[in-house]
>>> print(open('final_17.cif').read())   # mmCIF, C-alpha atoms, pLDDT in the B column; chains and numbers go by the auth columns
data_structure
#
loop_
_atom_site.group_PDB
_atom_site.id
_atom_site.type_symbol
_atom_site.label_atom_id
_atom_site.label_comp_id
_atom_site.label_asym_id
_atom_site.label_seq_id
_atom_site.Cartn_x
_atom_site.Cartn_y
_atom_site.Cartn_z
_atom_site.B_iso_or_equiv
_atom_site.auth_seq_id
_atom_site.auth_asym_id
ATOM 1 C CA MET A 1 101.345 88.384 106.771 59.00 1 A
ATOM 2 C CA GLN A 2 100.452 86.082 109.607 86.00 2 A
ATOM 3 C CA THR A 3 103.035 84.909 112.152 95.00 3 A
ATOM 4 C CA LEU A 4 101.984 82.117 114.494 97.00 4 A
ATOM 5 C CA GLU A 5 103.288 81.433 117.983 97.00 5 A
ATOM 6 C CA THR A 6 102.960 78.178 119.899 97.00 6 A
ATOM 7 C CA GLN A 7 104.252 77.152 123.289 96.00 7 A
ATOM 8 C CA ARG A 8 107.779 76.580 121.966 97.00 8 A
ATOM 9 C CA LEU A 9 107.775 77.908 118.412 98.00 9 A
ATOM 10 C CA ILE A 10 107.503 80.842 116.061 98.00 10 A
ATOM 11 C CA LEU A 11 106.102 80.161 112.601 98.00 11 A
ATOM 12 C CA ARG A 12 107.052 83.056 110.344 98.00 12 A
ATOM 13 C CA GLU A 13 107.082 83.967 106.684 97.00 13 A
ATOM 14 C CA PRO A 14 110.183 82.745 104.816 97.00 14 A
ATOM 15 C CA LYS A 15 112.854 85.318 104.068 95.00 15 A
ATOM 16 C CA ALA A 16 115.918 85.525 101.843 95.00 16 A
ATOM 17 C CA SER A 17 118.270 84.789 104.744 96.00 17 A
ATOM 18 C CA ASP A 18 116.678 81.307 105.005 97.00 18 A
ATOM 19 C CA MET A 19 117.946 80.422 101.511 97.00 19 A
ATOM 20 C CA GLU A 20 121.162 78.714 102.640 97.00 20 A
ATOM 21 C CA ALA A 21 119.364 76.372 105.052 97.00 21 A
ATOM 22 C CA ALA A 22 116.602 75.748 102.505 97.00 22 A
ATOM 23 C CA CYS A 23 119.041 74.842 99.744 97.00 23 A
ATOM 24 C CA ALA A 24 120.960 72.552 102.099 97.00 24 A
ATOM 25 C CA PHE A 25 117.695 70.705 102.774 97.00 25 A
ATOM 26 C CA PHE A 26 116.513 70.563 99.159 97.00 26 A
ATOM 27 C CA MET A 27 119.930 69.312 98.010 97.00 27 A
ATOM 28 C CA SER A 28 120.006 66.556 100.654 95.00 28 A
ATOM 29 C CA ASP A 29 118.567 63.055 100.706 92.00 29 A
ATOM 30 C CA ARG A 30 115.999 64.366 103.217 90.00 30 A
ATOM 31 C CA ALA A 31 114.271 66.085 100.270 91.00 31 A
ATOM 32 C CA ALA A 32 113.346 62.739 98.669 88.00 32 A
ATOM 33 C CA GLY A 33 109.774 63.150 99.941 84.00 33 A
ATOM 34 C CA VAL A 34 109.379 66.343 97.890 88.00 34 A
ATOM 35 C CA GLY A 35 111.052 65.095 94.711 88.00 35 A
ATOM 36 C CA GLY A 36 114.670 65.766 95.665 90.00 36 A
ATOM 37 C CA PRO A 37 117.482 65.800 96.167 96.00 37 A
ATOM 38 C CA PHE A 38 117.848 68.737 93.784 97.00 38 A
ATOM 39 C CA ASP A 39 120.837 70.474 92.283 98.00 39 A
ATOM 40 C CA LEU A 40 121.521 74.028 93.449 97.00 40 A
ATOM 41 C CA GLY A 41 119.365 75.653 90.775 97.00 41 A
ATOM 42 C CA LYS A 42 116.299 73.509 91.493 97.00 42 A
ATOM 43 C CA ALA A 43 116.813 73.885 95.246 97.00 43 A
ATOM 44 C CA TRP A 44 116.945 77.666 94.862 97.00 44 A
ATOM 45 C CA ARG A 45 113.788 77.627 92.728 97.00 45 A
ATOM 46 C CA ALA A 46 111.976 75.356 95.186 96.00 46 A
ATOM 47 C CA PHE A 47 112.565 77.800 98.010 97.00 47 A
ATOM 48 C CA ALA A 48 111.837 80.821 95.806 97.00 48 A
ATOM 49 C CA SER A 49 108.444 79.260 95.061 96.00 49 A
ATOM 50 C CA GLU A 50 107.737 79.196 98.818 96.00 50 A
ATOM 51 C CA ILE A 51 108.370 82.944 99.014 96.00 51 A
ATOM 52 C CA GLY A 52 106.378 83.506 95.818 96.00 52 A
ATOM 53 C CA HIS A 53 103.422 81.531 97.192 97.00 53 A
ATOM 54 C CA TRP A 54 103.143 84.127 99.972 96.00 54 A
ATOM 55 C CA GLN A 55 103.164 86.934 97.412 95.00 55 A
ATOM 56 C CA ILE A 56 100.537 85.330 95.181 96.00 56 A
ATOM 57 C CA ARG A 57 98.201 83.758 97.752 96.00 57 A
ATOM 58 C CA GLY A 58 98.801 85.983 100.780 95.00 58 A
ATOM 59 C CA TYR A 59 99.720 82.919 102.850 97.00 59 A
ATOM 60 C CA GLY A 60 102.081 79.983 102.604 97.00 60 A
ATOM 61 C CA MET A 61 104.261 77.591 104.478 98.00 61 A
ATOM 62 C CA TRP A 62 105.978 79.096 107.486 98.00 62 A
ATOM 63 C CA ILE A 63 109.574 78.777 108.510 98.00 63 A
ATOM 64 C CA VAL A 64 109.538 77.039 111.892 98.00 64 A
ATOM 65 C CA THR A 65 111.926 78.342 114.549 97.00 65 A
ATOM 66 C CA ARG A 66 112.277 77.923 118.286 97.00 66 A
ATOM 67 C CA LYS A 67 111.330 80.937 120.374 97.00 67 A
ATOM 68 C CA GLY A 68 114.419 83.030 120.943 96.00 68 A
ATOM 69 C CA ASP A 69 116.370 81.337 118.126 96.00 69 A
ATOM 70 C CA ASP A 70 115.680 82.290 114.492 96.00 70 A
ATOM 71 C CA THR A 71 117.458 79.226 113.061 96.00 71 A
ATOM 72 C CA PRO A 72 115.135 77.675 110.439 97.00 72 A
ATOM 73 C CA LEU A 73 114.137 74.117 111.362 97.00 73 A
ATOM 74 C CA GLY A 74 111.810 73.456 108.434 96.00 74 A
ATOM 75 C CA LEU A 75 108.757 74.600 106.512 97.00 75 A
ATOM 76 C CA ILE A 76 105.238 73.767 107.692 98.00 76 A
ATOM 77 C CA GLY A 77 101.914 75.180 106.636 98.00 77 A
ATOM 78 C CA PRO A 78 99.360 75.921 103.956 98.00 78 A
ATOM 79 C CA TRP A 79 100.266 75.153 100.366 97.00 79 A
ATOM 80 C CA PHE A 80 98.010 75.482 97.323 97.00 80 A
ATOM 81 C CA PRO A 81 99.802 75.842 93.979 96.00 81 A
ATOM 82 C CA ALA A 82 97.642 76.574 90.938 95.00 82 A
ATOM 83 C CA ASP A 83 97.601 72.925 89.812 95.00 83 A
ATOM 84 C CA TRP A 84 96.914 71.295 93.214 95.00 84 A
ATOM 85 C CA PRO A 85 93.503 69.584 93.416 97.00 85 A
ATOM 86 C CA GLU A 86 93.004 70.462 97.107 97.00 86 A
ATOM 87 C CA THR A 87 94.332 72.736 99.813 98.00 87 A
ATOM 88 C CA GLU A 88 97.239 71.159 101.647 98.00 88 A
ATOM 89 C CA ILE A 89 99.077 71.486 104.912 98.00 89 A
ATOM 90 C CA GLY A 90 102.573 70.361 104.098 97.00 90 A
ATOM 91 C CA TRP A 91 105.790 69.969 106.008 97.00 91 A
ATOM 92 C CA THR A 92 109.483 69.539 105.535 95.00 92 A
ATOM 93 C CA VAL A 93 111.734 69.042 108.545 94.00 93 A
ATOM 94 C CA TRP A 94 115.225 70.304 107.799 94.00 94 A
ATOM 95 C CA ASP A 95 116.984 69.710 111.096 86.00 95 A
ATOM 96 C CA THR A 96 117.311 66.047 112.105 87.00 96 A
ATOM 97 C CA SER A 97 117.834 67.062 115.731 89.00 97 A
ATOM 98 C CA ILE A 98 114.136 67.955 116.073 89.00 98 A
ATOM 99 C CA GLU A 99 112.878 64.533 115.037 88.00 99 A
ATOM 100 C CA GLY A 100 110.988 62.939 117.879 90.00 100 A
ATOM 101 C CA THR A 101 110.668 66.204 119.843 95.00 101 A
ATOM 102 C CA GLY A 102 107.070 66.981 118.859 96.00 102 A
ATOM 103 C CA ILE A 103 108.083 70.232 117.170 96.00 103 A
ATOM 104 C CA ALA A 104 106.714 69.222 113.754 97.00 104 A
ATOM 105 C CA THR A 105 103.460 68.085 115.384 97.00 105 A
ATOM 106 C CA GLU A 106 103.143 71.321 117.340 98.00 106 A
ATOM 107 C CA ALA A 107 103.772 73.455 114.244 98.00 107 A
ATOM 108 C CA ALA A 108 101.464 71.400 112.017 98.00 108 A
ATOM 109 C CA ARG A 109 98.633 71.598 114.564 98.00 109 A
ATOM 110 C CA ALA A 110 98.960 75.376 114.629 98.00 110 A
ATOM 111 C CA ALA A 111 98.978 75.482 110.815 98.00 111 A
ATOM 112 C CA ILE A 112 95.899 73.250 110.555 98.00 112 A
ATOM 113 C CA ASP A 113 94.030 75.363 113.108 96.00 113 A
ATOM 114 C CA HIS A 114 94.949 78.495 111.145 97.00 114 A
ATOM 115 C CA ALA A 115 93.747 76.945 107.870 97.00 115 A
ATOM 116 C CA TRP A 116 90.352 76.006 109.336 97.00 116 A
ATOM 117 C CA ASN A 117 89.723 79.111 111.414 95.00 117 A
ATOM 118 C CA VAL A 118 91.511 81.958 109.618 95.00 118 A
ATOM 119 C CA LEU A 119 91.801 80.862 105.997 96.00 119 A
ATOM 120 C CA LYS A 120 88.358 79.204 106.277 96.00 120 A
ATOM 121 C CA TRP A 121 89.362 76.220 104.174 97.00 121 A
ATOM 122 C CA ASP A 122 86.667 73.611 103.480 96.00 122 A
ATOM 123 C CA THR A 123 89.102 70.720 103.212 96.00 123 A
ATOM 124 C CA ILE A 124 92.686 69.953 104.166 98.00 124 A
ATOM 125 C CA VAL A 125 94.879 67.169 102.887 98.00 125 A
ATOM 126 C CA SER A 126 98.556 66.351 103.268 98.00 126 A
ATOM 127 C CA TYR A 127 100.336 64.797 100.305 97.00 127 A
ATOM 128 C CA VAL A 128 102.933 62.279 101.476 96.00 128 A
ATOM 129 C CA GLY A 129 105.445 60.517 99.276 92.00 129 A
ATOM 130 C CA ILE A 130 104.803 56.771 99.089 92.00 130 A
ATOM 131 C CA GLY A 131 107.137 55.117 101.561 91.00 131 A
ATOM 132 C CA ASN A 132 107.730 58.274 103.604 92.00 132 A
ATOM 133 C CA THR A 133 106.681 56.651 106.859 93.00 133 A
ATOM 134 C CA ARG A 134 107.834 59.559 109.051 92.00 134 A
ATOM 135 C CA SER A 135 105.468 61.942 107.235 94.00 135 A
ATOM 136 C CA ALA A 136 102.692 59.355 107.185 96.00 136 A
ATOM 137 C CA ASN A 137 103.093 58.862 110.935 96.00 137 A
ATOM 138 C CA LEU A 138 102.901 62.619 111.485 97.00 138 A
ATOM 139 C CA ALA A 139 99.726 62.868 109.379 98.00 139 A
ATOM 140 C CA GLU A 140 98.136 60.056 111.401 97.00 140 A
ATOM 141 C CA LYS A 141 99.270 61.610 114.698 97.00 141 A
ATOM 142 C CA LEU A 142 97.447 64.771 113.579 97.00 142 A
ATOM 143 C CA GLY A 143 94.265 62.716 113.070 96.00 143 A
ATOM 144 C CA ALA A 144 94.412 62.504 109.268 97.00 144 A
ATOM 145 C CA VAL A 145 93.304 59.338 107.523 97.00 145 A
ATOM 146 C CA LEU A 146 94.482 57.885 104.240 97.00 146 A
ATOM 147 C CA ASP A 147 92.047 58.756 101.439 97.00 147 A
ATOM 148 C CA GLU A 148 92.695 56.341 98.593 95.00 148 A
ATOM 149 C CA ASN A 149 90.000 57.995 96.435 96.00 149 A
ATOM 150 C CA ALA A 150 91.375 61.543 96.664 97.00 150 A
ATOM 151 C CA PRO A 151 92.693 63.146 93.485 96.00 151 A
ATOM 152 C CA GLN A 152 96.456 63.109 93.095 95.00 152 A
ATOM 153 C CA PRO A 153 98.389 66.388 92.765 94.00 153 A
ATOM 154 C CA LYS A 154 100.656 64.790 90.147 90.00 154 A
ATOM 155 C CA PRO A 155 98.893 61.759 88.627 87.00 155 A
ATOM 156 C CA ASP A 156 102.167 60.561 87.053 90.00 156 A
ATOM 157 C CA GLN A 157 103.798 60.585 90.531 88.00 157 A
ATOM 158 C CA PRO A 158 101.306 58.952 92.919 93.00 158 A
ATOM 159 C CA CYS A 159 101.470 59.767 96.611 94.00 159 A
ATOM 160 C CA TRP A 160 99.532 59.003 99.753 97.00 160 A
ATOM 161 C CA VAL A 161 96.770 61.524 100.385 98.00 161 A
ATOM 162 C CA TYR A 162 95.913 62.038 104.047 98.00 162 A
ATOM 163 C CA ARG A 163 92.650 63.848 104.794 97.00 163 A
ATOM 164 C CA HIS A 164 92.433 65.933 107.963 97.00 164 A
ATOM 165 C CA PRO A 165 89.094 65.826 109.755 95.00 165 A
ATOM 166 C CA LYS A 166 87.234 69.095 109.991 92.00 166 A
ATOM 167 C CA PRO A 167 86.741 70.130 113.621 89.00 167 A
ATOM 168 C CA GLU A 168 83.128 70.420 114.687 78.00 168 A
ATOM 169 C CA ALA A 169 83.620 74.064 115.669 59.00 169 A
ATOM 170 C CA VAL A 170 84.148 75.063 112.028 56.00 170 A
ATOM 171 C CA GLN A 171 81.710 72.685 110.284 55.00 171 A
#
>>> encode(input="final_17.cif", output="structure tokens")
Amino acid sequence: MQTLETQRLILREPKASDMEAACAFFMSDRAAGVGGPFDLGKAWRAFASEIGHWQIRGYGMWIVTRKGDDTPLGLIGPWFPADWPETEIGWTVWDTSIEGTGIATEAARAAIDHAWNVLKWDTIVSYVGIGNTRSANLAEKLGAVLDENAPQPKPDQPCWVYRHPKPEAVQ
């Protein structure tokens, strides 16, 4: 299982001790961009699916923490459930205190680099809930562009699909 390290961050596999922070996020209004807020049972299942993704795929979204502090700040990384049309780099920011600090950008850049260079993905998108301007701004800051012709992961629940450009080094 791959752990990533950036200048300020550790991106690590989710673990059971992250459940309380995960459920707090998934049960909050902040989870609206991922279909929430959920009740406790759905929040628990949402986080359990993150752990299960690692078991099934051998990779998944990482818990983002600051170096020297294992407090979970969010989930960022590769996501590809069985019914997704394309490989995704997704993100959820759990801690409002990190907004505007560049932490989500730093973690997402590391995740995108890993997807291109280690996972050898051919394409990367980020699915963003319509109206979720914070996520849309992050996608654009990462260089992604809105792809209005991309297939939707849930056709009955349209979203914005941002396509990340493939770096020339891995073309």
>>> resolve_selection(input="final_17.cif", expression="the PyMOL selection byres ((chain A and resi 105) around 10)", output="compact mmCIF listing (two decimals) with C-alpha atoms, in the frame of the given file")
# COMPACT_ATOMS: atom_id res chain seq x y z
CA ILE A 76 105.24 73.77 107.69
CA TRP A 91 105.79 69.97 106.01
CA GLY A 100 110.99 62.94 117.88
CA THR A 101 110.67 66.20 119.84
CA GLY A 102 107.07 66.98 118.86
CA ILE A 103 108.08 70.23 117.17
CA ALA A 104 106.71 69.22 113.75
CA GLU A 106 103.14 71.32 117.34
CA ALA A 107 103.77 73.46 114.24
CA ALA A 108 101.46 71.40 112.02
CA ARG A 109 98.63 71.60 114.56
CA ALA A 110 98.96 75.38 114.63
CA ALA A 111 98.98 75.48 110.82
CA LEU A 138 102.90 62.62 111.48
CA ALA A 139 99.73 62.87 109.38
CA LYS A 141 99.27 61.61 114.70
CA LEU A 142 97.45 64.77 113.58
>>> resolve_selection(input="final_17.cif", expression="the PyMOL selection byres ((chain A and resi 53) around 12)", output="PyMOL selection string")
chain A and resi 1+13-14+45-52+54-62+77-82
>>> residues_around(input="final_17.cif", residues="Trp160 in chain A", least_positions_apart="3", cutoff="8 Å", atoms="all atoms listed in the file", output="count of residues only")
7
>>> resolve_selection(input="final_17.cif", expression="the PyMOL selection byres ((chain A and resi 152) around 12)", output="list in words")
Asp83, Trp84, Pro85, Glu86, Thr87, Glu88, Val125, Ser126, Tyr127, Val128, Gly129, Asp147, Glu148, Asn149, Ala150, Pro151, Pro153, Lys154, Pro155, Asp156, Gln157, Pro158, Cys159, Trp160, Val161 and Tyr162 of chain A
>>> closest_residue(input="final_17.cif", among="A:Gly68, A:Ala31, A:Phe25, A:Phe38", to="Gln7 in chain A", atoms="all atoms listed in the file")
A:Gly68
>>> axis_aligned_box(input="final_17.cif", around="range 3-6 of chain A", padding_each_side="3 Å", output="lines of an AutoDock Vina configuration file")
center_x = 102.6
center_y = 81.5
center_z = 116.0
size_x = 7.3
size_y = 12.7
size_z = 13.7
>>> atom_distance(input="final_17.cif", atom1="CA of Arg163 in chain A", atom2="CA of His114 in chain A")
16.1 Å
>>> atom_distance(input="final_17.cif", atom1="CA of Ile10 in chain A", atom2="CA of Gly33 in chain A")
24.0 Å
>>> closest_residue(input="final_17.cif", among="A:Leu40, A:Ile124, A:Val34, A:Ile63", to="Arg12 in chain A", atoms="all atoms listed in the file")
A:Ile63
>>> closest_residue(input="final_17.cif", among="A:Asp113, A:Asp18, A:Asp39, A:Glu99", to="Pro72 in chain A", atoms="only C-alpha atoms")
A:Asp18
>>> decode(input="final_17.cif", residues="range 44-89 of chain A", atoms="N, CA and C atoms", output="PDB file, in the first residue's frame")
ATOM      1  N   TRP A  44     -21.259   5.617   7.723  1.00  0.00           N
ATOM      2  CA  TRP A  44     -20.379   4.493   8.035  1.00  0.00           C
ATOM      3  C   TRP A  44     -20.078   3.696   6.768  1.00  0.00           C
ATOM      4  N   ARG A  45     -21.114   3.412   5.983  1.00  0.00           N
ATOM      5  CA  ARG A  45     -20.933   2.651   4.746  1.00  0.00           C
ATOM      6  C   ARG A  45     -20.088   3.407   3.726  1.00  0.00           C
ATOM      7  N   ALA A  46     -20.267   4.721   3.664  1.00  0.00           N
ATOM      8  CA  ALA A  46     -19.469   5.522   2.721  1.00  0.00           C
ATOM      9  C   ALA A  46     -17.988   5.397   3.050  1.00  0.00           C
ATOM     10  N   PHE A  47     -17.652   5.489   4.324  1.00  0.00           N
ATOM     11  CA  PHE A  47     -16.243   5.375   4.686  1.00  0.00           C
ATOM     12  C   PHE A  47     -15.755   3.934   4.549  1.00  0.00           C
ATOM     13  N   ALA A  48     -16.597   2.976   4.887  1.00  0.00           N
ATOM     14  CA  ALA A  48     -16.211   1.566   4.720  1.00  0.00           C
ATOM     15  C   ALA A  48     -15.907   1.270   3.258  1.00  0.00           C
ATOM     16  N   SER A  49     -16.613   1.919   2.340  1.00  0.00           N
ATOM     17  CA  SER A  49     -16.342   1.689   0.916  1.00  0.00           C
ATOM     18  C   SER A  49     -14.965   2.240   0.527  1.00  0.00           C
ATOM     19  N   GLU A  50     -14.508   3.283   1.204  1.00  0.00           N
ATOM     20  CA  GLU A  50     -13.159   3.805   0.952  1.00  0.00           C
ATOM     21  C   GLU A  50     -12.107   2.757   1.339  1.00  0.00           C
ATOM     22  N   ILE A  51     -12.292   2.148   2.498  1.00  0.00           N
ATOM     23  CA  ILE A  51     -11.368   1.100   2.944  1.00  0.00           C
ATOM     24  C   ILE A  51     -11.465  -0.108   2.014  1.00  0.00           C
ATOM     25  N   GLY A  52     -12.676  -0.480   1.637  1.00  0.00           N
ATOM     26  CA  GLY A  52     -12.883  -1.608   0.738  1.00  0.00           C
ATOM     27  C   GLY A  52     -12.275  -1.389  -0.635  1.00  0.00           C
ATOM     28  N   HIS A  53     -12.312  -0.151  -1.121  1.00  0.00           N
ATOM     29  CA  HIS A  53     -11.710   0.169  -2.424  1.00  0.00           C
ATOM     30  C   HIS A  53     -10.232  -0.213  -2.421  1.00  0.00           C
ATOM     31  N   TRP A  54      -9.544   0.082  -1.326  1.00  0.00           N
ATOM     32  CA  TRP A  54      -8.127  -0.293  -1.202  1.00  0.00           C
ATOM     33  C   TRP A  54      -7.961  -1.807  -1.287  1.00  0.00           C
ATOM     34  N   GLN A  55      -8.854  -2.540  -0.642  1.00  0.00           N
ATOM     35  CA  GLN A  55      -8.754  -3.997  -0.631  1.00  0.00           C
ATOM     36  C   GLN A  55      -9.026  -4.593  -2.011  1.00  0.00           C
ATOM     37  N   ILE A  56      -9.968  -4.028  -2.726  1.00  0.00           N
ATOM     38  CA  ILE A  56     -10.356  -4.562  -4.031  1.00  0.00           C
ATOM     39  C   ILE A  56      -9.408  -4.111  -5.135  1.00  0.00           C
ATOM     40  N   ARG A  57      -9.072  -2.837  -5.168  1.00  0.00           N
ATOM     41  CA  ARG A  57      -8.266  -2.278  -6.255  1.00  0.00           C
ATOM     42  C   ARG A  57      -6.769  -2.234  -5.961  1.00  0.00           C
ATOM     43  N   GLY A  58      -6.410  -2.257  -4.674  1.00  0.00           N
ATOM     44  CA  GLY A  58      -4.991  -2.130  -4.323  1.00  0.00           C
ATOM     45  C   GLY A  58      -4.536  -0.686  -4.228  1.00  0.00           C
ATOM     46  N   TYR A  59      -5.453   0.236  -4.374  1.00  0.00           N
ATOM     47  CA  TYR A  59      -5.218   1.672  -4.225  1.00  0.00           C
ATOM     48  C   TYR A  59      -6.546   2.304  -3.869  1.00  0.00           C
ATOM     49  N   GLY A  60      -6.503   3.575  -3.518  1.00  0.00           N
ATOM     50  CA  GLY A  60      -7.732   4.298  -3.200  1.00  0.00           C
ATOM     51  C   GLY A  60      -7.404   5.699  -2.743  1.00  0.00           C
ATOM     52  N   MET A  61      -8.433   6.349  -2.243  1.00  0.00           N
ATOM     53  CA  MET A  61      -8.237   7.704  -1.743  1.00  0.00           C
ATOM     54  C   MET A  61      -7.479   7.635  -0.416  1.00  0.00           C
ATOM     55  N   TRP A  62      -6.543   8.561  -0.278  1.00  0.00           N
ATOM     56  CA  TRP A  62      -5.742   8.625   0.938  1.00  0.00           C
ATOM     57  C   TRP A  62      -6.377   9.548   1.959  1.00  0.00           C
ATOM     58  N   ILE A  63      -6.144   9.230   3.218  1.00  0.00           N
ATOM     59  CA  ILE A  63      -6.400  10.183   4.288  1.00  0.00           C
ATOM     60  C   ILE A  63      -5.253  11.183   4.234  1.00  0.00           C
ATOM     61  N   VAL A  64      -5.592  12.461   4.273  1.00  0.00           N
ATOM     62  CA  VAL A  64      -4.588  13.526   4.249  1.00  0.00           C
ATOM     63  C   VAL A  64      -4.363  13.998   5.678  1.00  0.00           C
ATOM     64  N   THR A  65      -3.086  14.025   6.084  1.00  0.00           N
ATOM     65  CA  THR A  65      -2.713  14.531   7.402  1.00  0.00           C
ATOM     66  C   THR A  65      -1.513  15.456   7.247  1.00  0.00           C
ATOM     67  N   ARG A  66      -1.328  16.318   8.233  1.00  0.00           N
ATOM     68  CA  ARG A  66      -0.105  17.122   8.268  1.00  0.00           C
ATOM     69  C   ARG A  66       1.024  16.254   8.802  1.00  0.00           C
ATOM     70  N   LYS A  67       2.226  16.505   8.349  1.00  0.00           N
ATOM     71  CA  LYS A  67       3.383  15.794   8.904  1.00  0.00           C
ATOM     72  C   LYS A  67       3.438  16.042  10.409  1.00  0.00           C
ATOM     73  N   GLY A  68       3.637  14.974  11.150  1.00  0.00           N
ATOM     74  CA  GLY A  68       3.752  15.091  12.595  1.00  0.00           C
ATOM     75  C   GLY A  68       2.427  15.157  13.330  1.00  0.00           C
ATOM     76  N   ASP A  69       1.307  15.078  12.610  1.00  0.00           N
ATOM     77  CA  ASP A  69      -0.018  15.151  13.221  1.00  0.00           C
ATOM     78  C   ASP A  69      -0.939  14.237  12.417  1.00  0.00           C
ATOM     79  N   ASP A  70      -1.380  13.133  12.995  1.00  0.00           N
ATOM     80  CA  ASP A  70      -2.156  12.134  12.263  1.00  0.00           C
ATOM     81  C   ASP A  70      -3.647  12.450  12.209  1.00  0.00           C
ATOM     82  N   THR A  71      -4.044  13.674  12.559  1.00  0.00           N
ATOM     83  CA  THR A  71      -5.453  14.050  12.487  1.00  0.00           C
ATOM     84  C   THR A  71      -5.913  14.053  11.035  1.00  0.00           C
ATOM     85  N   PRO A  72      -6.980  13.300  10.691  1.00  0.00           N
ATOM     86  CA  PRO A  72      -7.448  13.273   9.309  1.00  0.00           C
ATOM     87  C   PRO A  72      -8.088  14.605   8.906  1.00  0.00           C
ATOM     88  N   LEU A  73      -7.625  15.137   7.773  1.00  0.00           N
ATOM     89  CA  LEU A  73      -8.129  16.413   7.264  1.00  0.00           C
ATOM     90  C   LEU A  73      -9.088  16.223   6.100  1.00  0.00           C
ATOM     91  N   GLY A  74      -9.061  15.045   5.491  1.00  0.00           N
ATOM     92  CA  GLY A  74      -9.920  14.758   4.353  1.00  0.00           C
ATOM     93  C   GLY A  74      -9.435  13.535   3.616  1.00  0.00           C
ATOM     94  N   LEU A  75     -10.106  13.247   2.512  1.00  0.00           N
ATOM     95  CA  LEU A  75      -9.756  12.131   1.633  1.00  0.00           C
ATOM     96  C   LEU A  75      -9.459  12.700   0.254  1.00  0.00           C
ATOM     97  N   ILE A  76      -8.329  12.319  -0.318  1.00  0.00           N
ATOM     98  CA  ILE A  76      -7.964  12.786  -1.657  1.00  0.00           C
ATOM     99  C   ILE A  76      -7.231  11.650  -2.356  1.00  0.00           C
ATOM    100  N   GLY A  77      -7.627  11.397  -3.613  1.00  0.00           N
ATOM    101  CA  GLY A  77      -6.885  10.404  -4.363  1.00  0.00           C
ATOM    102  C   GLY A  77      -7.684   9.643  -5.389  1.00  0.00           C
ATOM    103  N   PRO A  78      -7.101   8.527  -5.847  1.00  0.00           N
ATOM    104  CA  PRO A  78      -7.700   7.747  -6.919  1.00  0.00           C
ATOM    105  C   PRO A  78      -8.956   7.006  -6.471  1.00  0.00           C
ATOM    106  N   TRP A  79      -9.936   7.015  -7.356  1.00  0.00           N
ATOM    107  CA  TRP A  79     -11.239   6.422  -7.050  1.00  0.00           C
ATOM    108  C   TRP A  79     -11.791   5.847  -8.345  1.00  0.00           C
ATOM    109  N   PHE A  80     -12.136   4.567  -8.338  1.00  0.00           N
ATOM    110  CA  PHE A  80     -12.653   3.934  -9.553  1.00  0.00           C
ATOM    111  C   PHE A  80     -13.578   2.775  -9.195  1.00  0.00           C
ATOM    112  N   PRO A  81     -14.787   3.097  -8.695  1.00  0.00           N
ATOM    113  CA  PRO A  81     -15.758   2.041  -8.415  1.00  0.00           C
ATOM    114  C   PRO A  81     -16.132   1.297  -9.695  1.00  0.00           C
ATOM    115  N   ALA A  82     -16.697   0.132  -9.549  1.00  0.00           N
ATOM    116  CA  ALA A  82     -17.005  -0.743 -10.683  1.00  0.00           C
ATOM    117  C   ALA A  82     -17.905  -0.083 -11.730  1.00  0.00           C
ATOM    118  N   ASP A  83     -18.759   0.843 -11.326  1.00  0.00           N
ATOM    119  CA  ASP A  83     -19.694   1.454 -12.273  1.00  0.00           C
ATOM    120  C   ASP A  83     -19.270   2.843 -12.755  1.00  0.00           C
ATOM    121  N   TRP A  84     -18.064   3.283 -12.421  1.00  0.00           N
ATOM    122  CA  TRP A  84     -17.576   4.596 -12.862  1.00  0.00           C
ATOM    123  C   TRP A  84     -17.119   4.496 -14.317  1.00  0.00           C
ATOM    124  N   PRO A  85     -17.454   5.469 -15.160  1.00  0.00           N
ATOM    125  CA  PRO A  85     -17.030   5.389 -16.559  1.00  0.00           C
ATOM    126  C   PRO A  85     -15.539   5.674 -16.772  1.00  0.00           C
ATOM    127  N   GLU A  86     -14.922   6.426 -15.844  1.00  0.00           N
ATOM    128  CA  GLU A  86     -13.505   6.768 -15.999  1.00  0.00           C
ATOM    129  C   GLU A  86     -12.833   6.808 -14.630  1.00  0.00           C
ATOM    130  N   THR A  87     -11.511   6.740 -14.671  1.00  0.00           N
ATOM    131  CA  THR A  87     -10.724   6.829 -13.447  1.00  0.00           C
ATOM    132  C   THR A  87     -10.745   8.276 -12.938  1.00  0.00           C
ATOM    133  N   GLU A  88     -10.930   8.396 -11.639  1.00  0.00           N
ATOM    134  CA  GLU A  88     -11.120   9.716 -11.035  1.00  0.00           C
ATOM    135  C   GLU A  88     -10.087   9.982  -9.955  1.00  0.00           C
ATOM    136  N   ILE A  89      -9.694  11.228  -9.843  1.00  0.00           N
ATOM    137  CA  ILE A  89      -9.052  11.736  -8.629  1.00  0.00           C
ATOM    138  C   ILE A  89     -10.119  12.578  -7.944  1.00  0.00           C
TER     139      ILE A  89
END
